[in-house]
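Text of entry23.csv, listed as CSV, C-alpha atoms:
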chain,number,residue,atom,x,y,z
A,703,MET,CA,-9.2,12.7,-23.0
A,704,ARG,CA,-8.8,9.0,-23.7
A,705,VAL,CA,-6.5,7.1,-21.3
A,706,ALA,CA,-5.3,3.5,-21.3
A,707,PHE,CA,-4.4,2.3,-17.8
A,708,VAL,CA,-2.2,-0.9,-18.1
A,709,THR,CA,-1.8,-3.2,-15.2
A,710,VAL,CA,-1.6,-6.9,-14.3
A,711,GLY,CA,-3.0,-9.3,-11.7
A,712,ASP,CA,-6.3,-9.4,-9.9
A,713,THR,CA,-7.5,-5.8,-9.9
A,714,GLY,CA,-10.2,-6.6,-7.3
A,715,ARG,CA,-7.7,-7.4,-4.6
A,716,LEU,CA,-8.0,-5.3,-1.5
A,717,THR,CA,-4.3,-4.3,-1.4
A,718,GLY,CA,-2.8,-0.8,-1.5
A,719,GLY,CA,-1.8,-0.5,-5.2
A,720,TYR,CA,-4.9,-2.0,-6.5
A,721,LEU,CA,-7.1,0.1,-4.2
A,722,TYR,CA,-5.3,3.2,-5.4
A,723,ASN,CA,-5.7,2.3,-9.1
A,724,ALA,CA,-9.4,1.5,-8.6
A,725,GLN,CA,-10.1,4.8,-6.7
A,726,VAL,CA,-8.2,6.8,-9.4
A,727,ILE,CA,-9.8,5.1,-12.4
A,728,SER,CA,-13.3,5.6,-10.8
A,729,GLY,CA,-12.6,9.2,-10.1
A,730,LEU,CA,-11.2,9.9,-13.6
A,731,ARG,CA,-14.3,8.5,-15.2
A,732,GLU,CA,-16.5,10.7,-12.9
A,733,ALA,CA,-14.4,13.7,-14.0
A,734,GLY,CA,-15.1,12.9,-17.6
A,735,VAL,CA,-11.9,11.2,-18.6
A,736,GLU,CA,-12.5,8.1,-20.8
A,737,VAL,CA,-10.4,5.4,-19.2
A,738,GLU,CA,-9.8,1.9,-20.6
A,739,GLU,CA,-8.3,-0.5,-18.0
A,740,VAL,CA,-6.0,-2.9,-19.9
A,741,LEU,CA,-5.3,-6.1,-17.9
A,742,ALA,CA,-2.2,-7.4,-19.6
A,743,SER,CA,-1.9,-10.7,-17.7
A,744,GLY,CA,-1.6,-12.3,-14.3
A,745,ALA,CA,0.8,-10.6,-11.9
A,746,SER,CA,3.6,-13.2,-11.8
A,747,VAL,CA,6.7,-12.9,-13.9
A,748,GLU,CA,5.9,-16.1,-15.7
A,749,GLU,CA,2.4,-15.0,-16.6
A,750,GLN,CA,3.6,-11.6,-17.8
A,751,ARG,CA,6.3,-13.2,-20.0
A,752,ALA,CA,3.8,-15.5,-21.6
A,753,ALA,CA,1.4,-12.7,-22.3
A,754,ALA,CA,3.9,-10.1,-23.6
A,755,PRO,CA,3.9,-11.1,-27.3
A,756,GLN,CA,0.1,-10.7,-27.4
A,757,LEU,CA,0.0,-7.4,-25.6
A,758,GLY,CA,1.2,-5.6,-28.7
A,759,SER,CA,-1.9,-6.4,-30.6
A,760,LEU,CA,-4.2,-5.9,-27.5
A,761,LEU,CA,-3.2,-2.3,-27.1
A,762,ASP,CA,-3.0,0.2,-30.0
A,763,PRO,CA,-1.5,3.5,-28.6
A,764,GLU,CA,-3.0,5.4,-31.4
A,765,ASP,CA,-6.4,4.9,-29.8
A,766,PHE,CA,-5.5,7.0,-26.8
A,767,ASP,CA,-4.2,10.4,-25.8
A,768,VAL,CA,-2.1,9.1,-22.8
A,769,LEU,CA,-0.9,5.7,-21.7
A,770,VAL,CA,-0.5,5.0,-18.0
A,771,VAL,CA,1.6,1.9,-17.2
A,772,ASP,CA,1.6,0.4,-13.7
A,773,ALA,CA,5.2,-0.6,-12.7
A,774,LEU,CA,3.7,-4.0,-11.7
A,775,ALA,CA,3.2,-4.6,-15.4
A,776,ARG,CA,6.9,-4.0,-16.2
A,777,VAL,CA,7.6,-7.5,-17.6
A,778,ALA,CA,4.6,-7.7,-20.0
A,779,CYS,CA,5.0,-4.1,-21.2
A,780,ALA,CA,8.8,-3.9,-21.5
A,781,PRO,CA,9.0,-5.1,-25.1
A,782,HIS,CA,6.4,-2.5,-26.2
A,783,LEU,CA,7.2,0.7,-24.3
A,784,GLY,CA,9.5,2.1,-26.9
A,785,ARG,CA,6.9,1.8,-29.6
A,786,TRP,CA,4.1,3.0,-27.4
A,787,GLN,CA,6.0,6.1,-26.3
A,788,ALA,CA,7.0,7.0,-29.8
A,789,ALA,CA,3.2,7.2,-30.6
A,790,ARG,CA,1.8,8.7,-27.4
A,791,PRO,CA,2.9,10.2,-24.1
A,792,LEU,CA,3.7,7.7,-21.3
A,793,VAL,CA,3.0,8.0,-17.6
A,794,ALA,CA,4.6,5.5,-15.3
A,795,MET,CA,2.5,4.7,-12.2
A,796,VAL,CA,5.1,3.6,-9.5
A,797,HIS,CA,3.5,2.5,-6.3
A,798,GLU,CA,6.9,0.9,-5.5
A,799,LEU,CA,9.7,-0.3,-7.6
A,800,PRO,CA,9.6,-4.1,-7.7
A,801,SER,CA,13.4,-4.3,-7.4
A,802,ILE,CA,13.2,-2.9,-3.9
A,803,ALA,CA,9.7,-3.9,-2.7
A,804,GLY,CA,11.1,-7.1,-1.1
A,805,GLY,CA,13.4,-5.0,1.1
A,806,LEU,CA,16.4,-3.9,-0.9
A,807,PRO,CA,17.8,-7.2,-2.2
A,808,ALA,CA,21.5,-7.7,-2.7
A,809,ALA,CA,22.7,-5.7,-5.7
A,810,GLU,CA,24.5,-8.8,-7.1
A,811,SER,CA,21.4,-11.0,-7.2
A,812,LYS,CA,20.0,-12.0,-10.6
A,813,GLU,CA,16.5,-11.1,-9.6
A,814,TYR,CA,17.5,-7.6,-8.6
A,815,ALA,CA,19.5,-7.1,-11.8
A,816,ARG,CA,16.5,-8.4,-13.9
A,817,ASP,CA,14.0,-6.1,-12.2
A,818,ARG,CA,16.3,-3.1,-12.6
A,819,GLU,CA,16.7,-3.8,-16.3
A,820,LEU,CA,12.9,-4.2,-16.8
A,821,GLU,CA,12.3,-0.9,-14.9
A,822,GLU,CA,14.6,1.2,-16.9
A,823,PRO,CA,12.2,1.9,-19.8
A,824,LEU,CA,9.6,3.1,-17.3
A,825,LEU,CA,12.1,5.6,-15.9
A,826,ARG,CA,12.1,7.3,-19.4
A,827,ALA,CA,8.4,8.1,-19.3
A,828,GLU,CA,7.2,11.7,-19.8
A,829,ARG,CA,5.9,11.7,-16.3
A,830,LEU,CA,6.4,9.3,-13.3
A,831,ILE,CA,3.8,9.3,-10.6
A,832,CYS,CA,4.9,8.0,-7.2
A,833,VAL,CA,3.0,7.9,-3.9
A,834,SER,CA,5.5,9.4,-1.4
A,835,ARG,CA,8.5,11.7,-1.1
A,836,HIS,CA,10.5,8.6,-0.3
A,837,GLY,CA,9.4,7.1,-3.6
A,838,ARG,CA,10.4,10.2,-5.4
A,839,SER,CA,13.9,10.0,-3.9
A,840,ILE,CA,14.3,6.4,-5.1
A,841,LEU,CA,13.2,7.3,-8.7
A,842,GLU,CA,15.6,10.3,-8.8
A,843,ASP,CA,18.4,8.1,-7.4
A,844,ARG,CA,17.7,5.7,-10.3
A,845,GLY,CA,18.2,8.5,-12.8
A,846,ALA,CA,14.6,9.8,-13.4
A,847,PRO,CA,14.8,13.6,-13.9
A,848,ALA,CA,13.3,15.4,-11.0
A,849,SER,CA,11.3,17.6,-13.4
A,850,ARG,CA,9.4,14.5,-14.6
A,851,VAL,CA,8.5,13.0,-11.2
A,852,ARG,CA,5.2,13.9,-9.5
A,853,VAL,CA,4.1,12.8,-6.0
A,854,VAL,CA,0.4,11.9,-5.8
A,855,PRO,CA,-0.1,10.1,-2.4
A,856,PRO,CA,-3.3,8.1,-1.8
A,857,GLY,CA,-6.3,9.4,0.0
A,858,PHE,CA,-7.4,8.4,3.5
A,859,ASP,CA,-11.2,8.9,3.3
A,860,ARG,CA,-12.3,5.9,1.2
A,861,LEU,CA,-14.2,4.2,4.1
A,862,PRO,CA,-17.4,5.2,5.9
A,863,GLN,CA,-16.7,6.9,9.1
A,864,ILE,CA,-18.1,4.9,12.1
A,865,ALA,CA,-17.7,6.3,15.6
A,866,CYS,CA,-16.6,3.9,18.3
A,867,GLU,CA,-19.6,4.8,20.5
A,868,ASP,CA,-22.0,3.7,17.7
A,869,TRP,CA,-21.4,0.1,18.5
A,870,ARG,CA,-19.4,-0.3,21.7
A,871,SER,CA,-21.2,-0.9,25.0
A,872,ALA,CA,-20.1,0.6,28.3
A,873,SER,CA,-19.3,-2.9,29.6
A,874,ASP,CA,-16.9,-3.7,26.7
A,875,THR,CA,-13.4,-3.2,28.2
A,876,LEU,CA,-11.5,-5.4,25.8
A,877,LEU,CA,-8.4,-3.7,24.4
A,878,ARG,CA,-8.1,-4.3,20.6
A,879,ALA,CA,-5.0,-4.1,18.6
A,880,LEU,CA,-5.8,-4.2,14.9
A,881,CYS,CA,-3.5,-5.2,12.0
A,882,VAL,CA,-4.7,-4.8,8.4
A,883,ALA,CA,-2.4,-6.4,5.8
A,884,GLN,CA,-2.0,-9.2,3.3
A,885,TRP,CA,0.1,-12.1,4.7
A,886,ILE,CA,3.4,-11.8,2.9
A,887,PRO,CA,6.8,-11.8,4.6
A,888,ARG,CA,7.6,-8.1,4.3
A,889,LYS,CA,4.4,-7.1,6.2
A,890,GLY,CA,5.9,-8.6,9.4
A,891,ILE,CA,2.7,-10.5,10.4
A,892,LEU,CA,4.7,-13.4,11.9
A,893,GLU,CA,6.9,-11.1,14.0
A,894,LEU,CA,3.8,-9.3,15.2
A,895,VAL,CA,2.1,-12.6,16.3
A,896,ARG,CA,5.3,-13.7,18.1
A,897,ALA,CA,5.8,-10.4,19.8
A,898,TRP,CA,2.1,-10.5,20.9
A,899,ALA,CA,2.7,-14.0,22.3
A,900,SER,CA,5.9,-13.1,24.1
A,901,ARG,CA,3.9,-12.4,27.3
A,902,GLU,CA,0.4,-12.8,28.6
A,903,ARG,CA,-1.9,-9.9,27.6
A,904,PRO,CA,-5.1,-10.5,29.6
A,905,GLY,CA,-8.0,-8.3,28.5
A,906,ALA,CA,-6.4,-7.6,25.1
A,907,LEU,CA,-7.0,-9.0,21.6
A,908,LEU,CA,-4.9,-8.9,18.4
A,909,GLU,CA,-7.1,-9.0,15.3
A,910,LEU,CA,-5.6,-9.8,11.9
A,911,VAL,CA,-7.6,-8.5,9.0
A,912,GLY,CA,-6.6,-8.9,5.4
A,913,GLU,CA,-5.9,-11.3,2.6
A,914,THR,CA,-4.2,-14.5,3.8
A,915,SER,CA,-3.7,-16.4,0.5
A,916,ALA,CA,-1.0,-14.4,-1.3
A,917,ASP,CA,1.9,-16.5,0.0
A,918,PRO,CA,0.7,-20.0,1.1
A,919,GLY,CA,4.0,-21.0,2.7
A,920,TYR,CA,4.2,-17.8,4.8
A,921,ALA,CA,0.5,-18.2,5.7
A,922,SER,CA,1.2,-21.6,7.0
A,923,GLU,CA,3.8,-20.2,9.3
A,924,VAL,CA,1.5,-17.5,10.6
A,925,ARG,CA,-1.3,-19.9,11.2
A,926,ALA,CA,1.0,-22.3,13.1
A,927,ALA,CA,2.1,-19.4,15.3
A,928,VAL,CA,-1.6,-18.4,15.9
A,929,ALA,CA,-2.6,-22.0,16.7
A,930,GLU,CA,0.3,-22.2,19.2
A,931,VAL,CA,-0.9,-19.0,20.9
A,932,SER,CA,-4.5,-20.1,21.1
A,933,GLU,CA,-3.5,-22.9,23.4
A,934,ARG,CA,-1.9,-20.5,26.0
A,935,PRO,CA,-3.9,-18.6,28.6
A,936,GLY,CA,-4.0,-14.8,28.6
A,937,ILE,CA,-3.1,-14.5,24.9
A,938,SER,CA,-5.8,-13.8,22.3
A,939,VAL,CA,-5.4,-13.6,18.5
A,940,ALA,CA,-8.3,-13.5,16.0
A,941,VAL,CA,-7.8,-14.1,12.3
A,942,THR,CA,-10.6,-12.3,10.4
A,943,GLY,CA,-9.2,-12.5,6.9
A,944,PRO,CA,-10.4,-10.2,4.1
A,945,VAL,CA,-13.5,-8.1,4.8
A,946,ASP,CA,-15.7,-5.6,2.9
A,947,ASP,CA,-15.4,-1.9,3.4
A,948,ASN,CA,-18.1,-1.6,6.0
A,949,SER,CA,-16.6,-4.4,8.1
A,950,LEU,CA,-13.2,-2.9,7.8
A,951,ALA,CA,-14.5,0.5,8.9
A,952,THR,CA,-16.1,-1.2,11.9
A,953,ALA,CA,-12.8,-2.9,12.7
A,954,TYR,CA,-11.0,0.4,12.7
A,955,ALA,CA,-13.7,2.0,14.8
A,956,ARG,CA,-13.6,-0.6,17.5
A,957,ALA,CA,-9.8,-0.8,17.7
A,958,ASP,CA,-7.7,0.9,20.4
A,959,LEU,CA,-4.5,0.8,18.4
A,960,PHE,CA,-3.1,-0.1,15.0
A,961,ALA,CA,-0.1,-2.4,14.6
A,962,LEU,CA,1.7,-3.2,11.3
A,963,PRO,CA,5.4,-3.8,11.4
A,964,SER,CA,6.1,-3.8,7.7
A,965,HIS,CA,9.7,-4.1,6.6
A,966,TYR,CA,9.0,-1.9,3.6
A,967,GLU,CA,6.0,0.0,2.2
A,968,GLY,CA,5.6,2.1,-1.0
A,969,TYR,CA,3.2,4.2,1.0
A,970,GLY,CA,0.8,2.3,3.4
A,971,ILE,CA,-2.9,3.3,2.9
A,972,VAL,CA,-3.9,1.4,6.0
A,973,TYR,CA,-1.7,3.6,8.2
A,974,ALA,CA,-3.5,6.7,6.8
A,975,GLU,CA,-6.9,5.1,7.3
A,976,ALA,CA,-5.9,4.2,10.9
A,977,LEU,CA,-4.9,7.8,11.5
A,978,ALA,CA,-8.3,8.9,10.2
A,979,TYR,CA,-9.9,6.7,12.9
A,980,GLY,CA,-7.7,8.2,15.6
A,981,LEU,CA,-5.7,5.1,16.2
A,982,PRO,CA,-2.2,5.2,17.8
A,983,VAL,CA,0.1,3.5,15.3
A,984,LEU,CA,2.8,0.9,15.9
A,985,ALA,CA,5.0,0.5,12.9
A,986,CYS,CA,8.6,0.2,11.7
A,987,GLY,CA,10.6,3.3,10.9
A,988,VAL,CA,11.2,2.4,7.3
A,989,GLY,CA,10.7,4.0,3.9
A,990,PRO,CA,7.8,6.6,3.8
A,991,VAL,CA,6.2,5.4,7.0
A,992,PRO,CA,7.7,7.9,9.4
A,993,ASP,CA,6.8,10.8,7.1
A,994,LEU,CA,3.2,9.5,6.8
A,995,VAL,CA,2.4,8.8,10.4
A,996,GLY,CA,4.2,11.8,11.9
A,997,GLU,CA,6.1,11.9,15.2
A,998,GLN,CA,3.3,12.1,17.8
A,999,ALA,CA,0.8,9.6,16.5
A,1000,ALA,CA,3.2,6.6,16.2
A,1001,LEU,CA,5.7,4.4,18.0
A,1002,LEU,CA,8.3,3.3,15.5
A,1003,VAL,CA,10.5,0.2,16.0
A,1004,PRO,CA,13.3,-1.4,13.9
A,1005,PRO,CA,12.1,-4.0,11.4
A,1006,GLU,CA,12.2,-7.7,12.4
A,1007,ASP,CA,12.9,-6.7,16.1
A,1008,GLU,CA,10.4,-8.8,18.0
A,1009,ARG,CA,11.6,-7.6,21.4
A,1010,ALA,CA,11.2,-3.9,20.5
A,1011,LEU,CA,7.8,-4.7,19.0
A,1012,SER,CA,6.7,-6.5,22.2
A,1013,GLU,CA,7.9,-3.6,24.4
A,1014,ALA,CA,6.0,-1.1,22.3
A,1015,LEU,CA,2.8,-3.2,22.6
A,1016,ASP,CA,3.4,-3.3,26.4
A,1017,LEU,CA,3.6,0.4,26.5
A,1018,LEU,CA,0.5,1.1,24.3
A,1019,LEU,CA,-1.7,-1.5,26.1
A,1020,SER,CA,-0.7,-0.4,29.6
A,1021,ASP,CA,-0.8,3.4,29.2
A,1022,ALA,CA,-4.3,4.8,28.5
A,1023,GLU,CA,-3.2,8.4,28.7
A,1024,LEU,CA,-0.6,7.8,26.1
A,1025,ARG,CA,-3.2,6.2,23.8
A,1026,ILE,CA,-5.4,9.3,24.3
A,1027,ARG,CA,-2.6,11.7,23.4
A,1028,MET,CA,-1.6,9.6,20.4
A,1029,SER,CA,-5.2,9.3,19.2
A,1030,ALA,CA,-5.6,13.1,19.2
A,1031,ALA,CA,-2.3,13.4,17.3
A,1032,ALA,CA,-3.5,10.8,14.8
A,1033,ARG,CA,-6.6,12.8,14.0
A,1034,ARG,CA,-4.6,15.9,13.6
A,1035,ARG,CA,-2.2,14.1,11.3
A,1036,ALA,CA,-5.0,12.7,9.2
A,1037,ARG,CA,-6.2,16.3,8.5
A,1038,CYS,CA,-2.9,17.0,6.8
A,1039,LEU,CA,-3.3,14.1,4.3
A,1040,SER,CA,-5.0,14.1,0.9
A,1041,CYS,CA,-8.6,13.3,0.3
A,1042,TRP,CA,-9.3,11.0,-2.7
A,1043,ASP,CA,-11.0,13.9,-4.6
A,1044,GLU,CA,-7.7,15.8,-4.3
A,1045,VAL,CA,-5.8,12.7,-5.5
A,1046,VAL,CA,-7.9,12.4,-8.6
A,1047,ALA,CA,-7.7,16.1,-9.4
A,1048,GLU,CA,-3.9,15.9,-9.2
A,1049,PHE,CA,-3.8,12.8,-11.3
A,1050,VAL,CA,-5.8,14.6,-14.0
A,1051,ARG,CA,-3.4,17.5,-13.9
A,1052,VAL,CA,-0.5,15.2,-14.5
A,1053,LEU,CA,-2.2,13.5,-17.4
A,1054,LYS,CA,-2.9,16.8,-19.0
A,1055,GLU,CA,0.6,17.9,-18.4
A,1056,ALA,CA,2.0,14.8,-20.2
A,1057,ALA,CA,-0.4,15.2,-23.1
A,1058,ALA,CA,0.5,18.9,-23.5
A,1059,LEU,CA,4.2,18.1,-23.6
A,1060,ARG,CA,3.7,15.8,-26.5
A,1061,SER,CA,1.4,18.2,-28.4
A,1062,THR,CA,4.1,20.9,-28.3
A,1063,ARG,CA,6.7,18.7,-30.0
structure tokens encoding of this file:
Amino acid sequence: MRVAFVTVGDTGRLTGGYLYNAQVISGLREAGVEVEEVLASGASVEEQRAAAPQLGSLLDPEDFDVLVVDALARVACAPHLGRWQAARPLVAMVHELPSIAGGLPAAESKEYARDRELEEPLLRAERLICVSRHGRSILEDRGAPASRVRVVPPGFDRLPQIACEDWRSASDTLLRALCVAQWIPRKGILELVRAWASRERPGALLELVGETSADPGYASEVRAAVAEVSERPGISVAVTGPVDDNSLATAYARADLFALPSHYEGYGIVYAEALAYGLPVLACGVGPVPDLVGEQAALLVPPEDERALSEALDLLLSDAELRIRMSAAARRRARCLSCWDEVVAEFVRVLKEAAALRSTR
């Protein structure tokens, strides 16, 4: 089977959607599927619009058995989807619909209307792959037939497993709260830093791991908040930035809890990875997150509620027995999640399903 996988942006970024795509493409190739990754343009709307006219000559659908189009590439691909789908079966890869990724913008906004219009052709694909039951409900609400939607959530076992005792000395009593996320407003990094700084937390450290350059304006706000905290006694915040897989695995292994108060997630691979390392999770009760983390491994707070976030941090940092119980629940919950091998196998099944539909016409 020959498959074109169309996306946009920097595919080497260590963010959820790109990590998912990379793991799936690698797994498909190992399974004998011939995959050509087609990078249409940069990720911005302006870059996609500029590249759209050339994309028609860049990709000939007749060269492939199935076309997979990432919803991120909606702008560049929109003018071509009808022609492509007339020639070959189309699978839409929907990590999250851009029209709601920013937190359900006002229905009357021009940006919201534009995104919905550009997303409509993708909703007519032979198959739509989403990453959560929450995502499926959104697609069905938008009119995608339930019979065409398949849920293929990410795996949790990408990173090497490192035990805490492999590195931590008996004298190390520092409590570590870990956050892994890119610095964009919907991740809630600024609220987390402010909630952390709302009171002294002696003997505790908040570590921020992840890409800091996605939104320079927001990053400036976060850095200013961290700088202000650094001048106060009893409050410690460390900005680590992006790291490789081994360093990320070590960060999970050395942490005592995981905190990421996202306002919205399409899925949240980092929550799944935190569960695999037995970390109690502090998150917002939004989108697919409650279903992912389960009831016993997480404390869920309302989005953008710094007081509730601070109180949850107080509880987790002060109650060792609670952390032990939640850690055990986290490991149990992780055992219910998919491994990446299972994800790839399901993705292959969906591709074959789409190809078979077209061959019977």
| task | Find the distance between CA of Thr942 (chain A) and CA of Val928 (chain A) and write it in Å to one decimal. | result |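 Value for the CA of Thr942 (chain A)-CA of Val928 (chain A) distance: 12.2 Å.
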| Distance query 10 Å from (8.8, -8.3, 21.2) using all atoms listed in the file, result as a list in words |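 Counting all atoms listed in the file, I find these residues within 10 Å of (8.8, -8.3, 21.2): Glu893, Leu894, Val895, Arg896, Ala897, Trp898, Ala899, Ser900, Arg901, Glu1006, Asp1007, Glu1008, Arg1009, Ala1010, Leu1011, Ser1012, Glu1013, Ala1014, Leu1015 and Asp1016 of chain A.
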_All residues 12 Å or closer to Leu1039 (chain A), all atoms listed in the file, same chain fewer than 6 positions away omitted, as a PyMOL selection string_ = chain A and resi 834+854-859+971+973-975+977-978+993-996+1032-1033+1045
Which neighbours of Ile937 (chain A) fall inside 8 Å, counting only C-alpha atoms, when residues of the same chain fewer than 4 positions from it are skipped, and could you give them as a VMD selection string?
chain A and resid 898 to 899 901 to 904 906 to 907 931 to 932
(request) Give me the residues within 6 Å of region 877-891 of chain A as a list in words, counting only C-alpha atoms and dropping any in the same chain fewer than 3 places off. (result)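 So, after excluding close chain neighbours, the residues are Leu894, Ala906, Leu907, Leu908, Glu909, Leu910, Val911, Gly912, Glu913, Thr914, Asp917, Ala957, Asp958, Leu959, Phe960, Ala961, Leu962, Pro963, Ser964 and His965 of chain A.
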Would you write out those residues with C-alpha atoms, as a short mmCIF file (atom, residue, chain, number, x, y, z; two decimals), in the coordinates of the input?
data_model
loop_
_atom_site.label_atom_id
_atom_site.label_comp_id
_atom_site.auth_asym_id
_atom_site.auth_seq_id
_atom_site.Cartn_x
_atom_site.Cartn_y
_atom_site.Cartn_z
CA LEU A 894 3.80 -9.30 15.20
CA ALA A 906 -6.40 -7.60 25.10
CA LEU A 907 -7.00 -9.00 21.60
CA LEU A 908 -4.90 -8.90 18.40
CA GLU A 909 -7.10 -9.00 15.30
CA LEU A 910 -5.60 -9.80 11.90
CA VAL A 911 -7.60 -8.50 9.00
CA GLY A 912 -6.60 -8.90 5.40
CA GLU A 913 -5.90 -11.30 2.60
CA THR A 914 -4.20 -14.50 3.80
CA ASP A 917 1.90 -16.50 0.00
CA ALA A 957 -9.80 -0.80 17.70
CA ASP A 958 -7.70 0.90 20.40
CA LEU A 959 -4.50 0.80 18.40
CA PHE A 960 -3.10 -0.10 15.00
CA ALA A 961 -0.10 -2.40 14.60
CA LEU A 962 1.70 -3.20 11.30
CA PRO A 963 5.40 -3.80 11.40
CA SER A 964 6.10 -3.80 7.70
CA HIS A 965 9.70 -4.10 6.60
#
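In this model, the gap between CA of Asp765 (chain A) and CA of Met703 (chain A) comes to 10.7 Å.
One finds CA of Val1046 (chain A) at 25.9 Å from CA of Thr952 (chain A).
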Of A:Met795, A:Cys1038, A:Ser743, A:Pro982, the one sitting nearest Val726 (chain A) when using all atoms listed in the file is A:Met795
